[in-house]
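Dropping protein_26.cif in here (mmCIF, C-alpha atoms):
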data_start
#
loop_
_atom_site.label_atom_id
_atom_site.label_comp_id
_atom_site.auth_asym_id
_atom_site.auth_seq_id
_atom_site.Cartn_x
_atom_site.Cartn_y
_atom_site.Cartn_z
CA MET S 668 0.00 0.00 0.00
CA ALA S 669 1.20 3.51 -0.81
CA HIS S 670 2.61 5.81 1.85
CA TYR S 671 0.40 8.82 2.56
CA MET S 672 2.31 11.54 4.38
CA ASP S 673 -0.74 13.80 4.56
CA ASN S 674 -1.92 12.42 7.91
CA PRO S 675 -0.35 11.35 11.23
CA ALA S 676 -0.93 7.62 10.68
CA GLY S 677 0.97 7.73 7.40
CA ARG S 678 3.81 9.70 8.96
CA LEU S 679 4.14 7.28 11.88
CA HIS S 680 3.97 4.32 9.51
CA ARG S 681 6.81 5.62 7.37
CA LEU S 682 8.87 6.71 10.38
CA LEU S 683 8.76 3.23 11.90
CA LEU S 684 9.64 1.58 8.60
CA ASP S 685 12.51 4.02 8.03
CA LEU S 686 13.85 3.37 11.52
CA HIS S 687 13.75 -0.36 10.91
CA GLY S 688 15.37 0.13 7.52
CA ALA S 689 18.26 1.97 9.15
CA PHE S 690 18.65 -0.71 11.86
CA PRO S 691 17.19 -3.94 10.43
CA THR S 692 18.83 -6.55 12.67
CA GLU S 693 18.30 -7.33 16.33
CA GLN S 694 21.98 -6.74 17.01
CA GLN S 695 21.87 -3.27 15.44
CA GLN S 696 18.67 -2.38 17.27
CA LYS S 697 20.06 -3.43 20.65
CA ALA S 698 23.19 -1.38 20.02
CA LYS S 699 21.29 1.83 19.22
CA GLN S 700 19.46 4.04 21.68
CA ALA S 701 16.00 4.71 20.26
CA TRP S 702 16.08 8.42 21.21
CA LEU S 703 19.26 8.99 19.20
CA ALA S 704 18.04 6.87 16.29
CA VAL S 705 14.93 9.04 15.92
CA VAL S 706 16.80 12.33 16.30
CA GLU S 707 19.43 11.30 13.75
CA LEU S 708 16.77 10.14 11.30
CA VAL S 709 14.80 13.38 11.54
CA GLY S 710 17.75 15.80 11.80
CA ASN S 711 18.22 18.30 14.61
CA GLU S 712 19.28 21.95 14.51
CA GLY S 713 18.29 22.88 18.07
CA GLY S 714 20.60 21.09 20.50
CA LEU S 715 19.07 19.35 23.52
CA ALA S 716 15.87 21.39 23.28
CA GLY S 717 15.54 20.36 19.65
CA GLU S 718 16.01 16.71 20.54
CA ALA S 719 13.29 16.92 23.18
CA ALA S 720 10.92 18.63 20.73
CA ILE S 721 11.50 15.93 18.12
CA ILE S 722 10.89 13.09 20.56
CA SER S 723 7.81 14.82 21.98
CA GLY S 724 6.41 15.25 18.48
CA VAL S 725 7.00 11.62 17.55
CA VAL S 726 5.57 10.31 20.82
CA GLY S 727 2.52 12.51 20.24
CA LEU S 728 1.67 10.92 16.90
CA PRO S 729 -0.58 8.15 18.33
CA ALA S 730 -2.71 10.76 20.11
CA GLN S 731 -3.01 12.70 16.85
CA ILE S 732 -4.06 9.52 15.08
CA ARG S 733 -6.75 8.83 17.69
CA ALA S 734 -8.08 12.38 17.36
CA SER S 735 -8.16 12.15 13.55
CA VAL S 736 -9.91 8.79 13.56
CA ASP S 737 -12.39 10.04 16.13
CA SER S 738 -13.43 12.81 13.72
CA LEU S 739 -14.17 10.37 10.89
CA HIS S 740 -17.82 9.87 9.98
CA VAL S 741 -17.74 6.08 10.28
CA GLU S 742 -19.23 3.52 12.63
CA PRO S 743 -17.58 3.06 16.04
CA GLU S 744 -16.64 -0.49 15.08
CA ARG S 745 -14.73 0.81 12.06
CA LYS S 746 -12.87 3.31 14.23
CA GLU S 747 -11.81 0.47 16.53
CA GLN S 748 -10.52 -1.45 13.52
CA LEU S 749 -8.50 1.53 12.30
CA LEU S 750 -6.90 1.95 15.73
CA ALA S 751 -6.10 -1.76 16.21
CA GLY S 752 -2.61 -2.24 17.58
CA LEU S 753 -2.01 1.44 18.23
CA ASP S 754 -1.94 0.84 21.98
CA ARG S 755 1.00 -1.52 21.51
CA ILE S 756 2.89 1.12 19.52
CA GLU S 757 2.17 3.58 22.33
CA GLN S 758 3.74 1.12 24.77
CA GLY S 759 6.84 1.13 22.62
CA MET S 760 6.89 4.93 22.73
CA VAL S 761 7.32 4.74 26.50
CA HIS S 762 10.67 3.04 25.93
CA LEU S 763 11.58 5.75 23.44
CA MET S 764 10.93 8.42 26.06
CA THR S 765 13.05 6.58 28.64
CA ARG S 766 15.99 6.25 26.21
CA GLN S 767 15.88 2.46 25.89
CA HIS S 768 17.45 0.75 22.89
CA LEU S 769 15.55 0.51 19.65
CA TYR S 770 14.85 -3.21 19.97
CA GLN S 771 12.97 -2.60 23.23
CA VAL S 772 10.77 -0.11 21.43
CA PHE S 773 10.08 -2.43 18.51
CA VAL S 774 9.31 -5.66 20.36
CA ASP S 775 6.31 -4.13 22.09
CA PHE S 776 4.47 -4.23 18.76
CA ALA S 777 6.68 -6.26 16.39
CA THR S 778 7.74 -9.86 17.00
CA ASN S 779 11.55 -10.06 17.18
CA GLY S 780 11.70 -6.40 16.20
CA VAL S 781 10.68 -7.11 12.59
CA VAL S 782 8.65 -3.94 12.06
CA PRO S 783 7.50 -4.46 8.43
CA GLN S 784 5.73 -7.70 9.42
CA ALA S 785 4.00 -6.29 12.49
CA ALA S 786 0.19 -6.29 12.37
CA ALA S 787 0.06 -2.99 14.26
CA VAL S 788 2.32 -1.32 11.70
CA ASN S 789 0.43 -2.75 8.75
CA ASN S 790 -2.79 -1.49 10.27
CA LEU S 791 -1.30 2.01 10.31
CA SER S 792 -1.23 1.88 6.51
CA TYR S 793 -4.97 1.11 6.35
CA CYS S 794 -5.67 3.85 8.86
CA SER S 795 -3.53 6.22 6.81
CA TYR S 796 -5.50 5.41 3.67
CA GLU S 797 -8.81 6.21 5.36
CA LEU S 798 -7.47 9.51 6.72
CA HIS S 799 -6.00 10.32 3.33
CA ARG S 800 -9.41 9.89 1.73
CA ALA S 801 -11.28 11.84 4.38
CA MET S 802 -8.98 14.69 5.49
CA PRO S 803 -5.69 14.96 3.58
CA GLU S 804 -3.24 17.62 4.69
CA VAL S 805 -1.01 19.65 2.40
CA THR S 806 2.21 17.78 1.61
CA VAL S 807 5.63 18.60 0.19
CA SER S 808 7.54 16.18 -2.04
CA ASP S 809 10.92 14.92 -0.90
CA ASP S 810 12.58 16.82 -3.76
CA ASP S 811 10.86 20.09 -2.86
CA LEU S 812 11.71 19.56 0.80
CA GLN S 813 15.36 19.09 -0.11
CA ARG S 814 15.24 22.29 -2.15
CA ILE S 815 13.78 24.14 0.84
CA VAL S 816 16.62 22.89 3.05
CA GLU S 817 19.18 24.01 0.48
CA MET S 818 17.59 27.47 0.16
CA VAL S 819 17.50 27.96 3.92
CA ASN S 820 21.11 26.85 4.32
CA ASP S 821 22.16 29.27 1.57
CA LEU S 822 20.27 32.12 3.25
CA MET S 823 21.83 31.33 6.61
CA ALA S 824 25.30 31.50 5.09
CA GLU S 825 24.55 34.83 3.42
CA VAL S 826 22.99 36.36 6.53
CA SER S 827 26.01 35.33 8.57
CA GLU S 828 28.25 37.31 6.19
CA ALA S 829 25.90 40.26 5.67
CA ALA S 830 26.73 43.78 6.86
CA MET S 831 23.59 44.27 8.93
CA PRO S 832 23.10 45.14 12.62
CA ASP S 833 23.96 42.24 14.90
CA ALA S 834 20.50 42.29 16.49
CA VAL S 835 18.82 41.99 13.07
CA LYS S 836 21.24 39.27 12.01
CA ARG S 837 20.54 37.29 15.16
CA VAL S 838 16.77 37.48 14.64
CA MET S 839 17.09 36.44 11.00
CA LEU S 840 19.31 33.48 11.88
CA ASN S 841 16.92 32.39 14.64
CA HIS S 842 13.98 32.40 12.23
CA LEU S 843 15.96 30.58 9.55
CA THR S 844 17.07 27.95 12.06
CA ALA S 845 13.44 27.45 13.09
CA LEU S 846 12.46 27.13 9.42
CA LEU S 847 15.22 24.59 8.81
CA GLN S 848 14.13 22.53 11.82
CA ALA S 849 10.52 22.66 10.65
CA ALA S 850 11.67 21.28 7.30
CA HIS S 851 13.36 18.37 9.05
CA ASN S 852 10.28 17.83 11.21
CA VAL S 853 7.95 17.41 8.23
CA ARG S 854 8.79 13.70 8.56
CA PHE S 855 6.57 13.49 11.65
CA ALA S 856 4.87 16.89 12.04
CA GLY S 857 3.58 17.56 8.54
CA THR S 858 3.81 20.89 6.73
CA GLN S 859 1.80 23.20 8.99
CA PRO S 860 4.76 24.03 11.30
CA LEU S 861 6.84 24.68 8.19
CA ASP S 862 4.23 27.11 6.89
CA ASP S 863 4.08 28.77 10.31
CA ALA S 864 7.88 29.19 10.38
CA LEU S 865 7.82 30.73 6.90
CA PHE S 866 5.10 33.13 8.04
CA ALA S 867 7.21 34.19 11.02
CA LEU S 868 10.33 34.64 8.89
CA THR S 869 8.50 36.71 6.30
CA GLY S 870 7.00 38.98 8.94
CA SER S 871 10.43 39.50 10.48
CA VAL S 872 11.95 40.45 7.11
CA VAL S 873 9.14 42.92 6.45
CA ARG S 874 9.57 44.53 9.87
CA ALA S 875 13.31 44.85 9.28
CA ALA S 876 12.63 46.56 5.96
CA ALA S 877 10.10 48.89 7.56
CA ARG S 878 12.62 49.92 10.24
CA GLY S 879 15.17 50.82 7.61
CA ASP S 880 17.51 47.93 8.40
CA VAL S 881 17.70 47.19 4.68
CA THR S 882 20.65 48.95 3.05
CA ASP S 883 21.89 49.17 -0.52
CA THR S 884 24.58 46.67 0.48
CA ASP S 885 21.91 44.19 1.58
CA ALA S 886 19.70 44.63 -1.48
CA GLY S 887 20.85 41.38 -3.07
CA LEU S 888 20.21 39.47 0.15
CA TRP S 889 16.68 40.80 0.54
CA ALA S 890 16.00 39.90 -3.09
CA LYS S 891 17.06 36.32 -2.29
CA PHE S 892 14.76 36.32 0.75
CA LYS S 893 11.90 37.42 -1.48
CA GLU S 894 12.64 34.72 -4.05
CA ALA S 895 12.93 32.03 -1.38
CA VAL S 896 9.66 33.03 0.30
CA GLN S 897 7.81 33.05 -3.01
CA THR S 898 9.25 29.66 -3.99
CA MET S 899 8.48 28.01 -0.67
CA ASN S 900 4.99 29.47 -0.66
CA LEU S 901 4.37 27.67 -3.95
CA PHE S 902 5.53 24.39 -2.40
CA PHE S 903 3.16 24.53 0.55
CA SER S 904 0.31 26.91 1.11
CA THR S 905 -1.71 25.73 4.10
CA GLY S 906 -3.77 28.83 4.82
CA GLN S 907 -1.10 31.49 5.21
CA SER S 908 -0.24 32.04 1.57
CA ALA S 909 1.27 35.24 0.24
CA ALA S 910 -2.16 36.69 -0.42
CA GLN S 911 -3.11 36.13 3.22
CA LEU S 912 0.01 37.39 4.96
CA GLY S 913 -1.31 40.91 5.40
CA GLN S 914 -0.61 44.15 3.60
CA GLY S 915 2.97 44.45 4.82
CA VAL S 916 4.02 40.98 3.76
CA ALA S 917 2.12 41.13 0.51
CA GLY S 918 3.88 44.41 -0.22
CA PHE S 919 7.22 42.76 0.39
CA LEU S 920 6.41 39.91 -1.97
CA ASP S 921 5.00 42.15 -4.68
CA GLY S 922 7.42 45.06 -4.38
#

So, in terms of structure tokens, how does the structure I just supplied come out?
Amino acid sequence: MAHYMDNPAGRLHRLLLDLHGAFPTEQQQKAKQAWLAVVELVGNEGGLAGEAAIISGVVGLPAQIRASVDSLHVEPERKEQLLAGLDRIEQGMVHLMTRQHLYQVFVDFATNGVVPQAAAVNNLSYCSYELHRAMPEVTVSDDDLQRIVEMVNDLMAEVSEAAMPDAVKRVMLNHLTALLQAAHNVRFAGTQPLDDALFALTGSVVRAAARGDVTDTDAGLWAKFKEAVQTMNLFFSTGQSAAQLGQGVAGFLDG
């Protein structure tokens, strides 16, 4: 069955399969702390706080799945079927939170840690399909996501070298770091946090321009910001598109 990344069941399904793909044997799983395996798979730009946020987001996926299934207009019996085995995956998440090895996480829902053959994991794919049909979220392709990461990294490098006030530079770098982390987190969080981070970055750039922090020397940099915002907005527009960012942001994009 196809992977649907437009709902929490699909994201958890793919995350578990990717983790198993990275550590397929019992020996590898017992040698790897689950916390670190997840953080390394997702990618972390925020130190210890970033690690905690990633783990919290992953551990929260079963609750998101339950909430999504609960909102489906289907019979209660069907909802129970879609959630079959999720409680066992939640038990495994407890071991993730307590920094146990990956095998300890897997065996709670997968015999001998063989995740692809686990009934609970296979059921996630059926649940994902139903959520995909009923309430799909906006998604970003892997290629577009990689392009976003590359654009943000390029902007961070240019901001670091730009001749702008240190306070402005620090704010820009903080927003870009948050945007980069949101891009990594799409694997489990979806695109809404990415859209939110872009909204925050765009507003910060507009405020900097309004305060006169933009100089002739920085003109090329601001042009790159504008191009990046417009490009990313085409990739994912989840309700805060350029037309909805307000007069100041729209002016920045159109000017």

Check your understanding: Using only C-alpha atoms, which of the listed residues (S:Tyr671, S:Trp702, S:Tyr793, S:Phe855) sits closest to S:Met760?
Key -> S:Trp702

Exercise for review: Between S:Glu712, S:Glu797, S:Glu693, S:Glu804, single out the one closest to S:His740, counting only C-alpha atoms.
Suggested key: S:Glu797

Exercise for review: Measure the distance from atom CA of S:Ser792 to atom CA of S:Ala704 in Å and round it to one decimal.
Suggested key: 22.2 Å

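Comparing the minimum interatomic distances between S:Gln695 and each of S:Gln771, S:Thr778, S:Asn674, S:Thr806, counting only C-alpha atoms, we find that S:Gln771 sits nearest.
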
Study note, to complete from the structure: The residue from S:Ala824, S:Val726, S:Val736, S:Ala895 with the smallest atom-to-atom distance to S:Met802, counting all atoms listed in the file, is S:Val736
